Protein chains: 2
Amino acid sequence: MESVSDSAALTGAGAFGPEAAGPDLLERYLLECRSLALAEIAAFVPTDRPHAGRLYELMLEYPLRDAKGLRPALAIATCRALGGRLAGVLRTAAVLELYHNAFLIHDDVEDDSELRRSGETLHRRHGVPIAVNVGDGMLALALEPLLDNMRVVGMGKALRILQTVGAMARASAEGQAIELEWIRDGLWELDDRSYLRMIYKKSAWYTFVTPITIGALVAGASDARAALLRRFAMQLGLAFQIQDDILNLVGEEANYGKEIGGDLWEGKHTLILIHALRASDGHDRERAEQILRKRRPASIPSTTAARLDALVASNDLTAEGRRVLVESLVATADARTEGDVRFLKQLIDRHGSIGYARAQAQRRARHARTILDQCSQQAGFGPSVHRMFLERLVDFVVERTR
Amino acid sequence: MESVSDSAALTGAGAFGPEAAGPDLLERYLLECRSLALAEIAAFVPTDRPHAGRLYELMLEYPLRDAKGLRPALAIATCRALGGRLAGVLRTAAVLELYHNAFLIHDDVEDDSELRRSGETLHRRHGVPIAVNVGDGMLALALEPLLDNMRVVGMGKALRILQTVGAMARASAEGQAIELEWIRDGLWELDDRSYLRMIYKKSAWYTFVTPITIGALVAGASDARAALLRRFAMQLGLAFQIQDDILNLVGEEANYGKEIGGDLWEGKHTLILIHALRASDGHDRERAEQILRKRRPASIPSTTAARLDALVASNDLTAEGRRVLVESLVATADARTEGDVRFLKQLIDRHGSIGYARAQAQRRARHARTILDQCSQQAGFGPSVHRMFLERLVDFVVERTR
């Protein structure tokens with residue numbers, strides 16, 4: 001009778017009895033970890049604090065939308081599979097989820113994304129200034145539970161957790177810097193290695209490597225085992241991100257929670273597109289790069305649509321207004337069109353780039369599986385629902401549709 | 001023969017000999033602290049790190065522009081005046097300067113400011129995405145030297161410094177949240193108390209209270225003395241911010257480093273404007289609030305000016321382009337005009353609001369002076385160049401032109 005938590009009282013009906021090995025183990029494990037992490041987040045985000053505007057309320061907006069809660073589950077499963085206690089890892093697991101959501105808010109600003117988890121992005125709903133500040137507030141708030149960790153896991157582990165989280169935030173900013181500069185410079189002559197390094201830093205590090213490292217750290221794993229698990233995490237993290245790029249092209253919006261094909265409209269660097277460009281002949285490649293150097297067309301918030309007619313009719317323009325109009329004209333004249341995106345899709349189809357990416361993801365998932373099997377043969381990593389979750393996750397990462 | 005640093009080798013020519021009491025003590029003290037802090041920052045910002053784009057280089061862009069370096073100087077002077085060592089406080093002083101510059105980058109994005117320290121703001125120069133990410137990278141990087149502090153000041157003090165910095169970042173986000181919501185909601189019916197609470201959290205806390213708290217903490221000051229110094233810091237911090245608002249209206253751009261009158265164009269909440277509105281009769285007040293509900297007019301980056309003529313001539317507009325044009329029209333039609341800003345200035349003049357703000361700043365500076373005198377009568381806070389710096393600073397805060 002195993003459960004995610006140490007006591008049945010924490011998990012309701014003791015969800016992980018012998019029937020746990022059923023096909024929905026993964027979903028149930030994620031769900032339980034997510035609800036544990038959310039309860040923890042609710043405990044350290046003080047929504048009733050006076051003189052802070054709606055700061056804390058908005059911190060909860062993304063976490064409360066439907067999400068997998070992968071990071072807390074990974075930290076908890078790794079810790080528990082190694083014999084560690086839930087109470088030791090839960091707070092840090094929740095902090096990782098908070099960091100993730102802060103990164104999402106700033107990423108959405110940086111990419112000017114429209115949808116996140118099937119809802120409008122925070123900056124589209126509340127404006128860029130408030131969104132940037134809410135993200136900053138979350139990063140500041142996260143420090144407190146990490147310091148409070150001293151009382152939970154002791155000084156030595158708490159300090160190593162702080163270092164691990166600091167290194168994570170730094171790696172994410174480095175990965176993001178690489179990608180933003182590729183975008184700004186219109187750089188597309190990239191090999192797979194450059195792409196993989198970028199997503200390793202930007203995504204795999206904080207989504208897989210850090211949660212698993214922290215689970216191992218709290219459980220008191222040896223350095224050798226922690227290193228092995230980090231390699232597992234890296235392979236799985238790369239597979240996860242490549243699959244994410246695939247889903248962006250072939251997924252269904254209701255499952256995926258973001259606009260399908262959004263990466264092409266955005267001109268995002270994915271393994272798929274990098275492969276398609278590399279496989280193209282000079283002429284196609286030139287046209288594709290030209291398309292990718294254009295901007296994403298701006299969309300008008302629906303709320304202002306009603307005001308348009310009156311203004312068009314009145315034709316009342318100041319000199320400054322005229323200048324801004326022409327500026328917008330420049331921006332839109334340079335934007336990608338439906339035809340452009342169709343051309344990119346055709347290139348991708350013609351060169352089998354989705355298949356290429358899928359094979360890469362699967363190869364990495366297989367590699368991750370091999371490492372996990374290797375871990376499982378060692379003492380102290382015996383069969384458990386937690387280890388089973390990690391095993392199922394390897395398949396999920398490349399088979400998922402959400 | 002006193003100097004900011006413990007050894008003359010650190011300070012060059014031993015700048016603070018007996019002649020230190022001269023009128024330029026303040027400038028020289030600031031200058032020396034700033035150069036010490038910059039050297040420290042340069043040591044933990046690794047500009048040669050591969051695979052991070054220009055992330056680290058851009059982190060240094062604001063710190064290297066001309067600035068007062070008030071925060072490191074406050075931390076160093078407080079620590080040294082209380083008998084603490086430079087080596088104990090310098091690293092944290094530099095981290096505070098790094099935080100400050102990260103906040104500035106994000107603030108400039110949030111206010112869409114054009115100038116910072118006499119140069120173009122980071123997001124105007126490199127785009128919002130890169131600017132937001134550079135700020136995030138700085139916040140992440142700041143954690144490392146604070147953890148490394150363990151080896152410098154010992155475990156207990158290092159942890160209290162971490163808590164102090166975490167609380168600071170959180171208070172700043174709260175203060176910023178309050179102001180951003182006032183802006184979004186067009187809220188102007190505010191009493192002085194609300195305004196003072198906002199600037200206390202948004203500005204005084206991280207500019208004065210935290211540096212002085214950390215100086216006292218490193219020097220091992222008693223709780224009572226630390227509390228007294230925090231009250232000093234709060235009064236001085238409020239005076240500083242009120243003076244900043246005054247300079248924005250009456251200063252000279254070359255000294256001030258920002259656009260003069262920019263606060264009125266931005267519709268920023270200042271004690272001056274809040275007073276002028278409160279003192280106005282119904283009709284003027286209504287007109288002022290109407291003006292303040294408008295937007296700041298957008299300005300066109302000079303680089304695109306050259307492309308305008310061709311586009312106007314070609315008249316080549318897609319359907320999407322037309323919609324965005326009209327959207328811009330809405331934005332500009334709603335923007336504040338020269339006449340609007342002139343009206344606000346007249347209101348401020350008519351009601352003596354600058355004099356009112358100046359009196360408030362001076363009253364708080366006097367209060368700060370009284371508290372500092374009280375500290376000076378206690379043992380362990382004897383005469384020194386560091387105490388003298390703090391005394392001079394009280395006058396500088398309300399007399400400064402930069």
# chains A, B, ... in the order shown; residues from 1 in each chain; ligands from 1
>>> residues_around(residues="Gly83 in chain A", least_positions_apart="2", cutoff="12 Å", atoms="only C-alpha atoms", output="list of chain:residue names")
A:Glu2, A:Val4, A:Asp6, A:Ile76, A:Ala77, A:Thr78, A:Cys79, A:Arg80, A:Ala81, A:Arg85, A:Leu86, A:Gly88, A:Val89, A:Gly215, A:Ala216, A:Leu217, A:Val218, A:Ala219, A:Gly220, A:Ala221, A:Ala379, A:Gly380, A:Phe381, A:Gly382, A:Pro383, A:Ser384, A:Val385, A:His386, A:Arg387
>>> residues_around(residues="Asp340 in chain B", least_positions_apart="4", cutoff="8 Å", atoms="only C-alpha atoms", output="list of chain:residue names")
B:Ile291, B:Arg336, B:Leu344
>>> closest_residue(among="B:Lys68, B:Arg91, B:Arg28, B:Arg170", to="chain A", atoms="only C-alpha atoms")
B:Arg170
>>> residues_around(residues="range 185-198 of chain A", least_positions_apart="5", cutoff="12 Å", atoms="only C-alpha atoms", output="PyMOL selection string")
(chain A and resi 171-180+203-205+234-235+237-242+267-280+285-286+288-295+356-357+360-361+364) or (chain B and resi 50-53+126)
>>> select_by_dssp(residues="range 41-182 of chain A", states="alpha helix (DSSP H)", output="ChimeraX atom specification")
/A:41-44,55-59,61-64,70-81,86-111,122-126,128-141,143-148,150-153,155-182
>>> write_last_selection(atoms="C-alpha atoms", output="mmCIF file, in the first residue's frame")
data_model
loop_
_atom_site.group_PDB
_atom_site.id
_atom_site.type_symbol
_atom_site.label_atom_id
_atom_site.label_comp_id
_atom_site.auth_asym_id
_atom_site.auth_seq_id
_atom_site.Cartn_x
_atom_site.Cartn_y
_atom_site.Cartn_z
ATOM 1 C CA ILE A 41 1.855 27.211 -2.703
ATOM 2 C CA ALA A 42 -1.426 28.488 -1.270
ATOM 3 C CA ALA A 43 0.202 28.379 2.170
ATOM 4 C CA PHE A 44 3.074 30.683 1.223
ATOM 5 C CA LEU A 55 -0.069 41.036 -6.564
ATOM 6 C CA TYR A 56 -0.566 37.761 -4.693
ATOM 7 C CA GLU A 57 -3.903 36.945 -6.281
ATOM 8 C CA LEU A 58 -2.333 37.221 -9.739
ATOM 9 C CA MET A 59 0.533 34.947 -8.668
ATOM 10 C CA GLU A 61 -3.597 32.763 -11.844
ATOM 11 C CA TYR A 62 -1.334 30.432 -13.873
ATOM 12 C CA PRO A 63 -0.833 27.774 -11.154
ATOM 13 C CA LEU A 64 -4.592 27.343 -10.807
ATOM 14 C CA LEU A 70 5.429 17.750 -13.886
ATOM 15 C CA ARG A 71 8.114 19.421 -11.796
ATOM 16 C CA PRO A 72 6.706 18.715 -8.329
ATOM 17 C CA ALA A 73 5.889 15.138 -9.387
ATOM 18 C CA LEU A 74 9.455 14.566 -10.598
ATOM 19 C CA ALA A 75 10.987 15.895 -7.378
ATOM 20 C CA ILE A 76 8.597 13.889 -5.206
ATOM 21 C CA ALA A 77 8.872 10.648 -7.195
ATOM 22 C CA THR A 78 12.681 10.745 -7.276
ATOM 23 C CA CYS A 79 12.928 11.470 -3.563
ATOM 24 C CA ARG A 80 10.381 8.793 -2.609
ATOM 25 C CA ALA A 81 11.800 6.183 -5.014
ATOM 26 C CA LEU A 86 7.508 13.503 1.261
ATOM 27 C CA ALA A 87 7.748 16.115 4.022
ATOM 28 C CA GLY A 88 11.401 16.721 3.141
ATOM 29 C CA VAL A 89 10.819 17.456 -0.534
ATOM 30 C CA LEU A 90 7.295 18.880 -0.768
ATOM 31 C CA ARG A 91 8.111 22.505 -0.004
ATOM 32 C CA THR A 92 10.922 22.639 -2.529
ATOM 33 C CA ALA A 93 8.734 20.831 -5.074
ATOM 34 C CA ALA A 94 6.152 23.581 -4.646
ATOM 35 C CA VAL A 95 8.803 26.283 -5.011
ATOM 36 C CA LEU A 96 9.869 24.725 -8.334
ATOM 37 C CA GLU A 97 6.266 24.965 -9.522
ATOM 38 C CA LEU A 98 6.198 28.628 -8.456
ATOM 39 C CA TYR A 99 9.432 29.329 -10.354
ATOM 40 C CA HIS A 100 8.033 27.542 -13.400
ATOM 41 C CA ASN A 101 4.955 29.758 -13.377
ATOM 42 C CA ALA A 102 7.041 32.912 -12.945
ATOM 43 C CA PHE A 103 9.173 31.855 -15.933
ATOM 44 C CA LEU A 104 6.005 31.223 -17.956
ATOM 45 C CA ILE A 105 4.717 34.745 -17.245
ATOM 46 C CA HIS A 106 7.985 36.351 -18.368
ATOM 47 C CA ASP A 107 8.338 33.975 -21.342
ATOM 48 C CA ASP A 108 4.849 34.868 -22.499
ATOM 49 C CA VAL A 109 5.768 38.559 -22.344
ATOM 50 C CA GLU A 110 9.015 37.876 -24.221
ATOM 51 C CA ASP A 111 7.292 35.854 -26.957
ATOM 52 C CA LEU A 122 -1.259 37.206 -18.098
ATOM 53 C CA HIS A 123 0.172 40.192 -19.972
ATOM 54 C CA ARG A 124 -2.637 40.132 -22.539
ATOM 55 C CA ARG A 125 -5.149 40.162 -19.715
ATOM 56 C CA HIS A 126 -3.495 42.594 -17.289
ATOM 57 C CA VAL A 128 2.910 43.912 -19.669
ATOM 58 C CA PRO A 129 3.800 46.083 -16.621
ATOM 59 C CA ILE A 130 1.670 44.102 -14.173
ATOM 60 C CA ALA A 131 2.732 40.760 -15.686
ATOM 61 C CA VAL A 132 6.460 41.524 -15.415
ATOM 62 C CA ASN A 133 5.995 42.654 -11.817
ATOM 63 C CA VAL A 134 3.950 39.602 -10.804
ATOM 64 C CA GLY A 135 6.743 37.369 -12.140
ATOM 65 C CA ASP A 136 9.318 39.359 -10.159
ATOM 66 C CA GLY A 137 7.185 39.082 -7.025
ATOM 67 C CA MET A 138 7.046 35.294 -7.424
ATOM 68 C CA LEU A 139 10.817 35.035 -7.789
ATOM 69 C CA ALA A 140 11.236 37.153 -4.633
ATOM 70 C CA LEU A 141 8.651 35.191 -2.681
ATOM 71 C CA LEU A 143 13.301 32.676 -1.443
ATOM 72 C CA GLU A 144 11.426 32.467 1.868
ATOM 73 C CA PRO A 145 10.325 28.816 1.792
ATOM 74 C CA LEU A 146 13.811 27.877 0.565
ATOM 75 C CA LEU A 147 15.359 29.538 3.617
ATOM 76 C CA ASP A 148 12.686 28.042 5.832
ATOM 77 C CA MET A 150 16.655 24.742 7.064
ATOM 78 C CA ARG A 151 14.164 23.638 9.681
ATOM 79 C CA VAL A 152 12.839 20.865 7.437
ATOM 80 C CA VAL A 153 15.907 19.239 5.882
ATOM 81 C CA MET A 155 21.293 23.387 7.049
ATOM 82 C CA GLY A 156 23.520 21.420 4.667
ATOM 83 C CA LYS A 157 20.752 20.201 2.355
ATOM 84 C CA ALA A 158 18.896 23.517 2.469
ATOM 85 C CA LEU A 159 22.010 25.340 1.273
ATOM 86 C CA ARG A 160 22.613 22.868 -1.534
ATOM 87 C CA ILE A 161 18.982 23.275 -2.591
ATOM 88 C CA LEU A 162 19.434 27.061 -2.684
ATOM 89 C CA GLN A 163 22.540 26.665 -4.835
ATOM 90 C CA THR A 164 20.727 24.242 -7.139
ATOM 91 C CA VAL A 165 17.791 26.617 -7.579
ATOM 92 C CA GLY A 166 20.097 29.597 -8.172
ATOM 93 C CA ALA A 167 22.006 27.689 -10.841
ATOM 94 C CA MET A 168 18.694 26.661 -12.415
ATOM 95 C CA ALA A 169 17.399 30.236 -12.698
ATOM 96 C CA ARG A 170 20.705 31.284 -14.169
ATOM 97 C CA ALA A 171 20.793 28.477 -16.744
ATOM 98 C CA SER A 172 17.247 29.315 -17.813
ATOM 99 C CA ALA A 173 18.195 32.949 -18.417
ATOM 100 C CA GLU A 174 21.230 31.794 -20.422
ATOM 101 C CA GLY A 175 19.135 29.481 -22.585
ATOM 102 C CA GLN A 176 16.561 32.194 -23.091
ATOM 103 C CA ALA A 177 19.318 34.687 -24.013
ATOM 104 C CA ILE A 178 20.601 32.329 -26.706
ATOM 105 C CA GLU A 179 17.163 31.906 -28.254
ATOM 106 C CA LEU A 180 16.204 35.594 -28.077
ATOM 107 C CA GLU A 181 19.407 36.523 -29.869
ATOM 108 C CA TRP A 182 18.791 33.921 -32.591
#
>>> closest_residue(among="B:Arg392, B:Arg369, B:Arg65, B:Arg342", to="Leu229 in chain B", atoms="only C-alpha atoms")
B:Arg369
>>> atom_distance(atom1="CA of His367 in chain A", atom2="CA of Leu228 in chain A")
11.9 Å
>>> closest_residue(among="B:Val398, B:Ala142, B:Ile260, B:Ala365", to="chain A", atoms="only C-alpha atoms")
B:Ala142
>>> select_by_dssp(residues="range 78-300 of chain B", states="strand (DSSP E or B)", output="number ranges by chain")
B: 115-116, 119-120, 295
>>> write_last_selection(atoms="N, CA, C and O atoms", output="PDB file, in the first residue's frame")
ATOM      1  N   LEU B 115      14.671  57.161 -21.369  1.00  0.00           N
ATOM      2  CA  LEU B 115      16.046  57.483 -20.956  1.00  0.00           C
ATOM      3  C   LEU B 115      16.343  56.928 -19.574  1.00  0.00           C
ATOM      4  O   LEU B 115      15.491  56.958 -18.679  1.00  0.00           O
ATOM      5  N   ARG B 116      17.564  56.485 -19.392  1.00  0.00           N
ATOM      6  CA  ARG B 116      18.038  56.054 -18.084  1.00  0.00           C
ATOM      7  C   ARG B 116      19.506  56.413 -17.987  1.00  0.00           C
ATOM      8  O   ARG B 116      20.294  56.010 -18.845  1.00  0.00           O
ATOM      9  N   GLY B 119      21.242  57.680 -21.082  1.00  0.00           N
ATOM     10  CA  GLY B 119      21.311  56.824 -22.274  1.00  0.00           C
ATOM     11  C   GLY B 119      19.948  56.209 -22.545  1.00  0.00           C
ATOM     12  O   GLY B 119      19.045  56.272 -21.701  1.00  0.00           O
ATOM     13  N   GLU B 120      19.820  55.616 -23.720  1.00  0.00           N
ATOM     14  CA  GLU B 120      18.578  54.939 -24.068  1.00  0.00           C
ATOM     15  C   GLU B 120      18.345  53.776 -23.095  1.00  0.00           C
ATOM     16  O   GLU B 120      19.294  53.114 -22.677  1.00  0.00           O
ATOM     17  N   ARG B 295      -3.399  58.249 -22.449  1.00  0.00           N
ATOM     18  CA  ARG B 295      -2.129  57.524 -22.513  1.00  0.00           C
ATOM     19  C   ARG B 295      -0.990  58.497 -22.776  1.00  0.00           C
ATOM     20  O   ARG B 295      -1.191  59.598 -23.271  1.00  0.00           O
TER      21      ARG B 295
END
>>> closest_residue(among="A:Arg49, A:Arg225, A:Arg402, A:His283", to="chain B", atoms="only C-alpha atoms")
A:Arg49
>>> decode(residues="range 135-146 of chain B", atoms="all heavy atoms", output="JSON list (two decimals), in the first residue's frame")
[["chain", "number", "residue", "atom", "x", "y", "z"],
["B", 135, "GLY", "N", 17.22, 41.22, -16.86],
["B", 135, "GLY", "CA", 16.84, 41.48, -15.47],
["B", 135, "GLY", "C", 16.69, 40.18, -14.69],
["B", 135, "GLY", "O", 17.20, 40.05, -13.56],
["B", 136, "ASP", "N", 16.02, 39.21, -15.28],
["B", 136, "ASP", "CA", 15.85, 37.91, -14.62],
["B", 136, "ASP", "C", 17.20, 37.24, -14.35],
["B", 136, "ASP", "O", 17.41, 36.63, -13.29],
["B", 136, "ASP", "CB", 15.00, 36.97, -15.49],
["B", 136, "ASP", "CG", 13.52, 37.35, -15.44],
["B", 136, "ASP", "OD1", 13.13, 38.17, -14.58],
["B", 136, "ASP", "OD2", 12.75, 36.81, -16.26],
["B", 137, "GLY", "N", 18.09, 37.32, -15.33],
["B", 137, "GLY", "CA", 19.41, 36.73, -15.17],
["B", 137, "GLY", "C", 20.17, 37.37, -14.01],
["B", 137, "GLY", "O", 20.85, 36.68, -13.25],
["B", 138, "MET", "N", 20.02, 38.67, -13.85],
["B", 138, "MET", "CA", 20.71, 39.38, -12.76],
["B", 138, "MET", "C", 20.15, 38.93, -11.40],
["B", 138, "MET", "O", 20.90, 38.74, -10.44],
["B", 138, "MET", "CB", 20.56, 40.89, -12.93],
["B", 138, "MET", "CG", 21.38, 41.42, -14.09],
["B", 138, "MET", "SD", 20.84, 43.04, -14.67],
["B", 138, "MET", "CE", 21.87, 44.11, -13.67],
["B", 139, "LEU", "N", 18.84, 38.78, -11.32],
["B", 139, "LEU", "CA", 18.23, 38.34, -10.06],
["B", 139, "LEU", "C", 18.70, 36.92, -9.72],
["B", 139, "LEU", "O", 18.94, 36.59, -8.55],
["B", 139, "LEU", "CB", 16.70, 38.38, -10.16],
["B", 139, "LEU", "CG", 16.08, 39.78, -10.37],
["B", 139, "LEU", "CD1", 14.57, 39.69, -10.57],
["B", 139, "LEU", "CD2", 16.41, 40.71, -9.21],
["B", 140, "ALA", "N", 18.83, 36.08, -10.74],
["B", 140, "ALA", "CA", 19.30, 34.71, -10.51],
["B", 140, "ALA", "C", 20.76, 34.71, -10.07],
["B", 140, "ALA", "O", 21.14, 34.02, -9.12],
["B", 140, "ALA", "CB", 19.13, 33.88, -11.78],
["B", 141, "LEU", "N", 21.56, 35.51, -10.75],
["B", 141, "LEU", "CA", 22.99, 35.55, -10.48],
["B", 141, "LEU", "C", 23.29, 36.05, -9.07],
["B", 141, "LEU", "O", 24.26, 35.61, -8.43],
["B", 141, "LEU", "CB", 23.68, 36.46, -11.50],
["B", 141, "LEU", "CG", 25.20, 36.52, -11.45],
["B", 141, "LEU", "CD1", 25.79, 35.18, -11.83],
["B", 141, "LEU", "CD2", 25.73, 37.62, -12.37],
["B", 142, "ALA", "N", 22.44, 36.97, -8.56],
["B", 142, "ALA", "CA", 22.68, 37.60, -7.25],
["B", 142, "ALA", "C", 22.68, 36.59, -6.11],
["B", 142, "ALA", "O", 23.24, 36.84, -5.05],
["B", 142, "ALA", "CB", 21.63, 38.68, -7.01],
["B", 143, "LEU", "N", 22.04, 35.44, -6.34],
["B", 143, "LEU", "CA", 21.94, 34.45, -5.27],
["B", 143, "LEU", "C", 23.31, 33.86, -4.90],
["B", 143, "LEU", "O", 23.59, 33.57, -3.74],
["B", 143, "LEU", "CB", 20.97, 33.35, -5.71],
["B", 143, "LEU", "CG", 20.22, 32.59, -4.62],
["B", 143, "LEU", "CD1", 19.48, 33.52, -3.69],
["B", 143, "LEU", "CD2", 19.24, 31.60, -5.24],
["B", 144, "GLU", "N", 24.16, 33.68, -5.89],
["B", 144, "GLU", "CA", 25.45, 33.02, -5.65],
["B", 144, "GLU", "C", 26.35, 33.75, -4.66],
["B", 144, "GLU", "O", 26.80, 33.14, -3.68],
["B", 144, "GLU", "CB", 26.18, 32.77, -6.98],
["B", 144, "GLU", "CG", 25.54, 31.64, -7.74],
["B", 144, "GLU", "CD", 26.15, 31.42, -9.12],
["B", 144, "GLU", "OE1", 27.38, 31.58, -9.27],
["B", 144, "GLU", "OE2", 25.40, 31.10, -10.05],
["B", 145, "PRO", "N", 26.63, 35.05, -4.89],
["B", 145, "PRO", "CA", 27.48, 35.74, -3.90],
["B", 145, "PRO", "C", 26.84, 35.79, -2.51],
["B", 145, "PRO", "O", 27.56, 35.80, -1.51],
["B", 145, "PRO", "CB", 27.66, 37.14, -4.48],
["B", 145, "PRO", "CG", 26.72, 37.26, -5.63],
["B", 145, "PRO", "CD", 26.37, 35.89, -6.07],
["B", 146, "LEU", "N", 25.51, 35.79, -2.44],
["B", 146, "LEU", "CA", 24.87, 35.83, -1.13],
["B", 146, "LEU", "C", 25.05, 34.49, -0.40],
["B", 146, "LEU", "O", 25.14, 34.46, 0.83],
["B", 146, "LEU", "CB", 23.37, 36.15, -1.27],
["B", 146, "LEU", "CG", 23.04, 37.58, -1.73],
["B", 146, "LEU", "CD1", 21.53, 37.79, -1.77],
["B", 146, "LEU", "CD2", 23.68, 38.62, -0.80]]
